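Undergrad: Quick one: the structure is below, and I'll ask about it shortly.
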Number of protein chains: 2
Amino acid sequence: MTKKRKTYHHGDLKPALIAAGLELLEETGLEALSLRAIAARVGVSHTAPKNHFDGLRGLLTAIAAEGFRRHAAEMRRGVEGEPPGTARLHAACDGYLRFALAHPELFRLMFSKALCNHDDPELQAASWASYEVLRGIASGLDWDKADAPGAPWRTEWMLWSMVHGYAMLLIEGQIARAEDGGPPFAASNLMPGFGYREGGTATDPLRSSSDAGPRSAPRRPS
Amino acid sequence: MTKKRKTYHHGDLKPALIAAGLELLEETGLEALSLRAIAARVGVSHTAPKNHFDGLRGLLTAIAAEGFRRHAAEMRRGVEGEPPGTARLHAACDGYLRFALAHPELFRLMFSKALCNHDDPELQAASWASYEVLRGIASGLDWDKADAPGAPWRTEWMLWSMVHGYAMLLIEGQIARAEDGGPPFAASNLMPGFGYREGGTATDPLRSSSDAGPRSAPRRPS
DNA sequence: CCTTTCATATTTCCAATGTAAATTTTTCTG
DNA sequence: CAGAAAAATTTACATTGGAAATATGAAAGG
């Protein structure tokens, strides 16, 4: 029983604003995503969002949270059909990359501390759920030397850094894309020779979200 | 014989604006870096920069170019004292990271396609010179399988992606920093076990800038 | 059915920003 | 010294996000 009320003044304005923002993001880009433009698309005044979000920053934060949900879904979709092991590693990374290249403006927003509020609980939850997919994949990688300090964080962050950096450099035009708009090397091809240690199996990324959060080395600052 | 003219109307306004922008960037951050604020710090009207730069975007582009020069210098400084091989790899990556964490706002500006003009020749030159340092380091890495397709680009981009992604995730607060503000793992520690192949020596990164640019696989889109 | 109450949305206003046009001031050139 | 060119200012304008006061419509209570 959520507080959903239909046929109010203007219907459910809150989700309507998020949807309009996502559409405008694809059409006009991040820089043109103004509070007034989003409100105008829904058909309300530019101060109407004030009742549902904490200013423009609050609205952008909600949009980013939805972005992280879709981002995680894109990775899971690729992972689902693959058997555990290297195939899933590649599928998850390719999904990470596919989402970033298909929705570059949304992707930039999601990872911009300047534009959205990382302290927002909803954004944190969505962001963490997305990270959990990669997290499950990383466990069992043969780069995960148990004797190296900082495991398993080091391995997770190394994998994450590589695929995230590759996505960012492609989006920002630092690395040229292929003719079809895709990456010049698939994520699965970017790191040949990197797989899982013999006999090791990765944690099922589709179940790993039930794990507890980080302990000694929190992903985010306190 | 550059066109430098001293004691003009207000001295050399062009470099003064760049310097003021760099200062404001450190003090107030990227979002507060307005054309009017920079002009006010120099003591001129907010339309004065128009004579030297193509609007705010042009000024930000010039600031980013200076950022890339300092970025390259920071990496070279670390590399200089180290013998060729793994030590230089680590030194270059640590320099990359050190600059990003010390000047996060400038670093974000440098890699933002939305804020600066990547087609500007000066920015391109500075950006490429910075890339050349990593480029020299990457050649000879043992991940550089000669039989893998796309060499040497694949190897360079893999190294670049990892260190750049790590820097970005740290700057944006996705990965928590250590107590001293530094990374939880040094770049040299993030990737243990990755070194140069036996007997192989890396190209001297301090000389590699004399190499020609890319041919078949350009770094930037055409 | 009517009135009160409150969340919702609008209207109006304001400060800040980037840009353009016209004007003034300074420097260079012949 | 005079005209031309460069540099900087003044003025004006369209947009933006936000604040404050006001209006609107739905829910609740009599």
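As shown in the structure tokens, the chain order sets the letters A, B, ...; within each chain, residues go from 1, and ligands are also counted from 1 in the order they appear.
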Can you check which residues of chain C have any atom within 9 Å of chain B? Use only C-alpha atoms (C1' of nucleotides) and format it as a ChimeraX atom specification.
TA: /C:17-19,25-27
Undergrad: Write the residues of the selection above to a file with all heavy atoms, as a CSV table (one decimal), in the first residue's frame.
TA:
```csv
chain,number,residue,atom,x,y,z
C,17,DT,P,27.4,34.3,-11.3
C,17,DT,OP1,28.4,33.4,-10.7
C,17,DT,OP2,27.7,35.8,-11.3
C,17,DT,O5',27.1,33.8,-12.8
C,17,DT,C5',26.6,32.5,-13.0
C,17,DT,C4',26.1,32.4,-14.4
C,17,DT,O4',24.9,33.2,-14.6
C,17,DT,C3',27.1,32.9,-15.4
C,17,DT,O3',27.8,31.9,-16.0
C,17,DT,C2',26.2,33.7,-16.5
C,17,DT,C1',24.8,33.5,-15.9
C,17,DT,N1,24.1,34.8,-16.0
C,17,DT,C2,23.1,34.9,-17.0
C,17,DT,O2,22.9,34.0,-17.8
C,17,DT,N3,22.4,36.1,-17.1
C,17,DT,C4,22.6,37.2,-16.2
C,17,DT,O4,22.0,38.2,-16.3
C,17,DT,C5,23.6,37.0,-15.2
C,17,DT,C7,23.9,38.1,-14.2
C,17,DT,C6,24.3,35.8,-15.2
C,18,DG,P,29.1,32.2,-17.0
C,18,DG,OP1,29.9,31.0,-17.0
C,18,DG,OP2,29.6,33.5,-16.6
C,18,DG,O5',28.4,32.3,-18.4
C,18,DG,C5',27.7,31.2,-19.0
C,18,DG,C4',27.2,31.5,-20.4
C,18,DG,O4',26.2,32.5,-20.3
C,18,DG,C3',28.3,32.1,-21.3
C,18,DG,O3',28.1,31.5,-22.6
C,18,DG,C2',28.0,33.6,-21.3
C,18,DG,C1',26.5,33.6,-21.1
C,18,DG,N9,26.2,34.8,-20.3
C,18,DG,C8,26.8,35.3,-19.2
C,18,DG,N7,26.2,36.4,-18.7
C,18,DG,C5,25.2,36.7,-19.6
C,18,DG,C6,24.2,37.7,-19.6
C,18,DG,O6,24.1,38.7,-18.8
C,18,DG,N1,23.3,37.6,-20.6
C,18,DG,C2,23.3,36.6,-21.6
C,18,DG,N2,22.4,36.6,-22.5
C,18,DG,N3,24.2,35.6,-21.6
C,18,DG,C4,25.1,35.7,-20.6
C,19,DT,P,29.1,31.8,-23.8
C,19,DT,OP1,29.2,30.7,-24.7
C,19,DT,OP2,30.3,32.4,-23.2
C,19,DT,O5',28.3,33.0,-24.6
C,19,DT,C5',26.9,32.7,-25.0
C,19,DT,C4',26.3,33.9,-25.6
C,19,DT,O4',26.0,34.9,-24.6
C,19,DT,C3',27.2,34.7,-26.7
C,19,DT,O3',26.5,34.6,-27.9
C,19,DT,C2',27.3,36.1,-26.1
C,19,DT,C1',26.2,36.2,-25.1
C,19,DT,N1,26.3,37.1,-24.0
C,19,DT,C2,25.4,38.1,-23.8
C,19,DT,O2,24.5,38.3,-24.5
C,19,DT,N3,25.7,38.9,-22.7
C,19,DT,C4,26.8,38.8,-21.8
C,19,DT,O4,26.9,39.6,-20.9
C,19,DT,C5,27.7,37.7,-22.1
C,19,DT,C7,28.8,37.5,-21.2
C,19,DT,C6,27.4,36.9,-23.1
C,25,DT,P,36.2,57.3,-23.4
C,25,DT,OP1,36.0,57.9,-22.1
C,25,DT,OP2,36.2,58.2,-24.6
C,25,DT,O5',37.5,56.4,-23.4
C,25,DT,C5',37.6,55.3,-22.5
C,25,DT,C4',38.7,54.4,-22.9
C,25,DT,O4',38.5,53.7,-24.2
C,25,DT,C3',40.1,55.1,-23.1
C,25,DT,O3',41.0,54.6,-22.2
C,25,DT,C2',40.4,55.0,-24.6
C,25,DT,C1',39.7,53.7,-24.9
C,25,DT,N1,39.3,53.5,-26.3
C,25,DT,C2,39.8,52.4,-27.0
C,25,DT,O2,40.5,51.6,-26.5
C,25,DT,N3,39.4,52.3,-28.3
C,25,DT,C4,38.6,53.2,-29.0
C,25,DT,O4,38.3,53.0,-30.2
C,25,DT,C5,38.1,54.3,-28.2
C,25,DT,C7,37.2,55.3,-28.9
C,25,DT,C6,38.5,54.4,-26.9
C,26,DT,P,42.4,55.3,-21.9
C,26,DT,OP1,42.7,55.2,-20.5
C,26,DT,OP2,42.3,56.7,-22.6
C,26,DT,O5',43.5,54.5,-22.8
C,26,DT,C5',43.6,53.1,-22.5
C,26,DT,C4',44.2,52.4,-23.7
C,26,DT,O4',43.4,52.6,-24.9
C,26,DT,C3',45.6,52.9,-24.1
C,26,DT,O3',46.5,51.8,-23.8
C,26,DT,C2',45.5,53.2,-25.6
C,26,DT,C1',44.2,52.4,-26.0
C,26,DT,N1,43.5,53.0,-27.1
C,26,DT,C2,43.5,52.2,-28.3
C,26,DT,O2,44.0,51.2,-28.4
C,26,DT,N3,42.8,52.8,-29.3
C,26,DT,C4,42.1,54.1,-29.3
C,26,DT,O4,41.5,54.5,-30.3
C,26,DT,C5,42.2,54.8,-28.1
C,26,DT,C7,41.6,56.1,-27.9
C,26,DT,C6,42.9,54.2,-27.0
C,27,DT,P,48.1,52.1,-23.9
C,27,DT,OP1,48.8,51.4,-22.9
C,27,DT,OP2,48.3,53.6,-24.0
C,27,DT,O5',48.5,51.5,-25.4
C,27,DT,C5',48.1,50.1,-25.6
C,27,DT,C4',48.2,49.8,-27.1
C,27,DT,O4',47.3,50.6,-27.8
C,27,DT,C3',49.6,50.1,-27.7
C,27,DT,O3',50.2,49.0,-28.2
C,27,DT,C2',49.3,51.2,-28.8
C,27,DT,C1',47.8,50.9,-29.1
C,27,DT,N1,47.0,52.1,-29.6
C,27,DT,C2,46.5,52.0,-30.8
C,27,DT,O2,46.6,51.0,-31.5
C,27,DT,N3,45.8,53.1,-31.2
C,27,DT,C4,45.6,54.3,-30.5
C,27,DT,O4,45.0,55.2,-31.0
C,27,DT,C5,46.2,54.3,-29.2
C,27,DT,C7,46.1,55.5,-28.4
C,27,DT,C6,46.9,53.2,-28.8
```
Undergrad: Set the cut-off to 7 Å and count only C-alpha atoms: what are the residues of chain B that reach chain A? Output as a compact mmCIF listing (two decimals) with N, CA, C and O atoms, in the first residue's frame.
TA:
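Contents of part-v6.txt, freshly written:
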```txt
# COMPACT_ATOMS: atom_id res chain seq x y z
N PHE B 111 38.71 16.04 -18.96
CA PHE B 111 38.13 14.90 -19.67
C PHE B 111 36.64 15.08 -19.94
O PHE B 111 35.93 14.10 -20.16
N SER B 112 36.16 16.30 -19.89
CA SER B 112 34.74 16.53 -20.13
C SER B 112 34.51 17.08 -21.54
O SER B 112 34.86 18.22 -21.84
N LYS B 113 33.92 16.25 -22.36
CA LYS B 113 33.60 16.68 -23.72
C LYS B 113 32.56 17.79 -23.71
O LYS B 113 32.50 18.61 -24.62
N ARG B 154 45.42 -2.13 -28.04
CA ARG B 154 44.66 -2.80 -27.00
C ARG B 154 45.37 -2.68 -25.65
O ARG B 154 44.76 -2.38 -24.63
N MET B 158 44.08 -0.63 -22.43
CA MET B 158 43.77 -1.39 -21.23
C MET B 158 44.44 -0.76 -20.01
O MET B 158 43.80 -0.56 -18.96
N SER B 161 42.72 2.63 -19.44
CA SER B 161 41.38 2.47 -18.88
C SER B 161 41.45 2.16 -17.39
O SER B 161 40.69 2.71 -16.59
N MET B 162 42.37 1.31 -17.00
CA MET B 162 42.42 0.91 -15.59
C MET B 162 42.80 2.08 -14.70
O MET B 162 42.12 2.36 -13.71
N HIS B 164 42.73 5.29 -15.43
CA HIS B 164 41.78 6.39 -15.55
C HIS B 164 40.47 6.07 -14.81
O HIS B 164 39.91 6.93 -14.13
N GLY B 165 40.01 4.86 -14.96
CA GLY B 165 38.79 4.47 -14.25
C GLY B 165 38.97 4.52 -12.75
O GLY B 165 38.09 4.98 -12.02
N TYR B 166 40.12 4.07 -12.30
CA TYR B 166 40.40 4.11 -10.86
C TYR B 166 40.39 5.55 -10.37
O TYR B 166 39.79 5.87 -9.34
N GLU B 172 34.96 10.71 -7.95
CA GLU B 172 33.52 10.83 -7.85
C GLU B 172 32.96 10.19 -6.58
O GLU B 172 31.74 10.14 -6.38
N GLY B 173 33.84 9.70 -5.73
CA GLY B 173 33.38 9.18 -4.44
C GLY B 173 32.80 7.78 -4.51
O GLY B 173 32.18 7.32 -3.57
N GLN B 174 33.00 7.10 -5.64
CA GLN B 174 32.47 5.74 -5.76
C GLN B 174 33.33 4.75 -5.00
O GLN B 174 32.83 3.76 -4.47
N ILE B 175 34.62 5.00 -4.96
CA ILE B 175 35.54 4.20 -4.15
C ILE B 175 36.08 5.12 -3.07
O ILE B 175 36.49 6.25 -3.36
N ALA B 176 36.01 4.64 -1.83
CA ALA B 176 36.41 5.48 -0.71
C ALA B 176 37.92 5.68 -0.69
O ALA B 176 38.68 4.74 -0.95
N ARG B 177 38.33 6.89 -0.36
CA ARG B 177 39.76 7.16 -0.25
C ARG B 177 40.27 6.70 1.12
O ARG B 177 39.50 6.47 2.05
N LEU B 190 47.55 -1.82 -7.11
CA LEU B 190 46.25 -2.24 -7.63
C LEU B 190 46.40 -3.43 -8.56
O LEU B 190 45.53 -4.29 -8.63
N PRO B 218 43.23 5.60 -34.90
CA PRO B 218 43.37 6.91 -34.25
C PRO B 218 42.73 6.91 -32.87
O PRO B 218 41.71 6.27 -32.64
N ARG B 219 43.35 7.63 -31.99
CA ARG B 219 42.84 7.71 -30.63
C ARG B 219 41.52 8.47 -30.58
O ARG B 219 40.65 8.16 -29.81
N ARG B 220 41.41 9.45 -31.41
CA ARG B 220 40.20 10.26 -31.39
C ARG B 220 39.36 9.97 -32.62
O ARG B 220 39.88 9.52 -33.63
N PRO B 221 38.07 10.28 -32.55
CA PRO B 221 37.22 10.12 -33.74
C PRO B 221 37.62 11.13 -34.81
O PRO B 221 38.09 12.22 -34.50
```
Undergrad: Could you please select, counting only C-alpha atoms (C1' of nucleotides), the residues of chain D within 12 Å of chain A and state them as a PDB file with N, CA and C atoms (P, O5', C5', C4', C3', O3' and C1' of nucleotides), in the first residue's frame?
TA:
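Full text of selection_20.pdb as output:
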```
ATOM      1  P    DT D  15      14.665  32.449 -24.344  1.00  0.00           P
ATOM      2  O5'  DT D  15      15.491  31.481 -23.396  1.00  0.00           O
ATOM      3  C5'  DT D  15      16.407  32.056 -22.488  1.00  0.00           C
ATOM      4  C4'  DT D  15      17.234  30.989 -21.785  1.00  0.00           C
ATOM      5  C3'  DT D  15      16.379  30.048 -20.926  1.00  0.00           C
ATOM      6  O3'  DT D  15      16.965  28.755 -20.860  1.00  0.00           O
ATOM      7  C1'  DT D  15      17.671  31.516 -19.538  1.00  0.00           C
ATOM      8  P    DT D  16      16.128  27.604 -20.148  1.00  0.00           P
ATOM      9  O5'  DT D  16      16.709  27.581 -18.661  1.00  0.00           O
ATOM     10  C5'  DT D  16      18.099  27.310 -18.440  1.00  0.00           C
ATOM     11  C4'  DT D  16      18.497  27.701 -17.031  1.00  0.00           C
ATOM     12  C3'  DT D  16      17.618  27.124 -15.929  1.00  0.00           C
ATOM     13  O3'  DT D  16      18.153  25.917 -15.453  1.00  0.00           O
ATOM     14  C1'  DT D  16      18.249  29.415 -15.510  1.00  0.00           C
ATOM     15  P    DG D  17      17.227  25.001 -14.491  1.00  0.00           P
ATOM     16  O5'  DG D  17      17.472  25.633 -13.050  1.00  0.00           O
ATOM     17  C5'  DG D  17      18.771  25.609 -12.490  1.00  0.00           C
ATOM     18  C4'  DG D  17      18.749  26.220 -11.109  1.00  0.00           C
ATOM     19  C3'  DG D  17      17.778  25.554 -10.133  1.00  0.00           C
ATOM     20  O3'  DG D  17      18.393  25.402  -8.866  1.00  0.00           O
ATOM     21  C1'  DG D  17      17.211  27.841 -10.388  1.00  0.00           C
ATOM     22  P    DG D  18      17.593  24.732  -7.659  1.00  0.00           P
ATOM     23  O5'  DG D  18      16.987  25.977  -6.862  1.00  0.00           O
ATOM     24  C5'  DG D  18      17.880  26.983  -6.371  1.00  0.00           C
ATOM     25  C4'  DG D  18      17.087  28.155  -5.837  1.00  0.00           C
ATOM     26  C3'  DG D  18      16.020  27.790  -4.787  1.00  0.00           C
ATOM     27  O3'  DG D  18      16.316  28.465  -3.573  1.00  0.00           O
ATOM     28  C1'  DG D  18      15.164  29.272  -6.441  1.00  0.00           C
ATOM     29  P    DA D  19      15.474  28.057  -2.260  1.00  0.00           P
ATOM     30  O5'  DA D  19      14.585  29.349  -1.967  1.00  0.00           O
ATOM     31  C5'  DA D  19      15.212  30.636  -1.983  1.00  0.00           C
ATOM     32  C4'  DA D  19      14.167  31.724  -1.813  1.00  0.00           C
ATOM     33  C3'  DA D  19      13.095  31.402  -0.772  1.00  0.00           C
ATOM     34  O3'  DA D  19      12.882  32.536   0.064  1.00  0.00           O
ATOM     35  C1'  DA D  19      12.079  31.884  -2.875  1.00  0.00           C
ATOM     36  P    DA D  20      11.927  32.402   1.328  1.00  0.00           P
ATOM     37  O5'  DA D  20      10.608  33.179   0.895  1.00  0.00           O
ATOM     38  C5'  DA D  20      10.727  34.410   0.179  1.00  0.00           C
ATOM     39  C4'  DA D  20       9.354  34.911  -0.234  1.00  0.00           C
ATOM     40  C3'  DA D  20       8.241  34.553   0.761  1.00  0.00           C
ATOM     41  O3'  DA D  20       7.422  35.687   1.005  1.00  0.00           O
ATOM     42  C1'  DA D  20       7.692  33.774  -1.415  1.00  0.00           C
ATOM     43  P    DT D  24      -8.039  30.016  -8.219  1.00  0.00           P
ATOM     44  O5'  DT D  24      -7.860  28.437  -8.128  1.00  0.00           O
ATOM     45  C5'  DT D  24      -6.819  27.801  -8.888  1.00  0.00           C
ATOM     46  C4'  DT D  24      -6.695  26.350  -8.467  1.00  0.00           C
ATOM     47  C3'  DT D  24      -8.020  25.606  -8.286  1.00  0.00           C
ATOM     48  O3'  DT D  24      -7.979  24.429  -9.065  1.00  0.00           O
ATOM     49  C1'  DT D  24      -6.595  25.224  -6.449  1.00  0.00           C
ATOM     50  P    DG D  25      -9.336  23.760  -9.637  1.00  0.00           P
ATOM     51  O5'  DG D  25      -9.293  22.312  -8.967  1.00  0.00           O
ATOM     52  C5'  DG D  25      -8.110  21.525  -9.055  1.00  0.00           C
ATOM     53  C4'  DG D  25      -7.995  20.602  -7.862  1.00  0.00           C
ATOM     54  C3'  DG D  25      -9.260  19.797  -7.538  1.00  0.00           C
ATOM     55  O3'  DG D  25      -8.924  18.442  -7.376  1.00  0.00           O
ATOM     56  C1'  DG D  25      -8.441  20.869  -5.604  1.00  0.00           C
ATOM     57  P    DA D  26     -10.092  17.328  -7.575  1.00  0.00           P
ATOM     58  O5'  DA D  26      -9.751  16.345  -6.362  1.00  0.00           O
ATOM     59  C5'  DA D  26      -8.389  15.960  -6.148  1.00  0.00           C
ATOM     60  C4'  DA D  26      -8.140  15.701  -4.680  1.00  0.00           C
ATOM     61  C3'  DA D  26      -9.136  14.746  -4.015  1.00  0.00           C
ATOM     62  O3'  DA D  26      -8.434  13.773  -3.266  1.00  0.00           O
ATOM     63  C1'  DA D  26      -8.951  16.731  -2.762  1.00  0.00           C
ATOM     64  P    DA D  27      -9.157  12.402  -2.905  1.00  0.00           P
ATOM     65  O5'  DA D  27      -9.170  12.463  -1.302  1.00  0.00           O
ATOM     66  C5'  DA D  27      -7.932  12.600  -0.603  1.00  0.00           C
ATOM     67  C4'  DA D  27      -8.189  13.110   0.806  1.00  0.00           C
ATOM     68  C3'  DA D  27      -9.183  12.277   1.629  1.00  0.00           C
ATOM     69  O3'  DA D  27      -8.582  11.886   2.847  1.00  0.00           O
ATOM     70  C1'  DA D  27      -9.725  14.573   1.733  1.00  0.00           C
TER      71       DA D  27
END
```
Undergrad: Excluding Arg70 (chain B) and any residue of its chain fewer than 6 positions from it, enumerate the residues within 12 Å of it, using only C-alpha atoms (C1' of nucleotides), and give them as a list in words.
TA: Leu22, Ile63, Ala64, Arg76, Arg77, Gly95, Tyr96, Arg98, Phe99, Ala100, Ala102, His103, Leu106, Phe107, Met110, Ala126, Ser127, Ala129 and Ser130 of chain B
Undergrad: Give me the residues within 12 Å of DA21 (chain D) as a list in words, counting only C-alpha atoms (C1' of nucleotides) and dropping any in the same chain fewer than 4 places off.
TA: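 Once the adjacent positions are removed, what remains is DT10, DT11, DT12 and DC13 of chain C.
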Undergrad: Mind writing the picked residues with N, CA, C and O atoms (P, O5', C5', C4', C3', O3' and C1' of nucleotides) as a CSV table (one decimal), in the first residue's frame?
TA:
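Contents of the output file selection-v5.csv:
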```csv
chain,number,residue,atom,x,y,z
C,10,DT,P,1.2,23.8,-12.4
C,10,DT,O5',0.8,25.3,-12.0
C,10,DT,C5',-0.5,25.7,-11.8
C,10,DT,C4',-0.6,27.2,-11.4
C,10,DT,C3',0.2,28.1,-12.3
C,10,DT,O3',-0.6,29.1,-12.8
C,10,DT,C1',0.7,28.5,-10.0
C,11,DT,P,-0.1,30.1,-14.0
C,11,DT,O5',0.3,31.4,-13.2
C,11,DT,C5',-0.6,31.9,-12.2
C,11,DT,C4',0.1,33.0,-11.4
C,11,DT,C3',1.0,34.0,-12.2
C,11,DT,O3',0.5,35.3,-12.0
C,11,DT,C1',2.1,33.2,-10.3
C,12,DT,P,1.0,36.5,-12.8
C,12,DT,O5',2.2,37.1,-11.9
C,12,DT,C5',2.0,37.3,-10.5
C,12,DT,C4',3.2,37.5,-9.7
C,12,DT,C3',4.3,38.5,-10.4
C,12,DT,O3',4.5,39.6,-9.7
C,12,DT,C1',5.3,36.6,-9.5
C,13,DC,P,5.4,40.8,-10.2
C,13,DC,O5',6.8,40.5,-9.6
C,13,DC,C5',6.9,40.3,-8.2
C,13,DC,C4',8.3,39.7,-7.8
C,13,DC,C3',9.5,40.5,-8.4
C,13,DC,O3',10.2,41.1,-7.4
C,13,DC,C1',9.7,38.1,-8.5
```
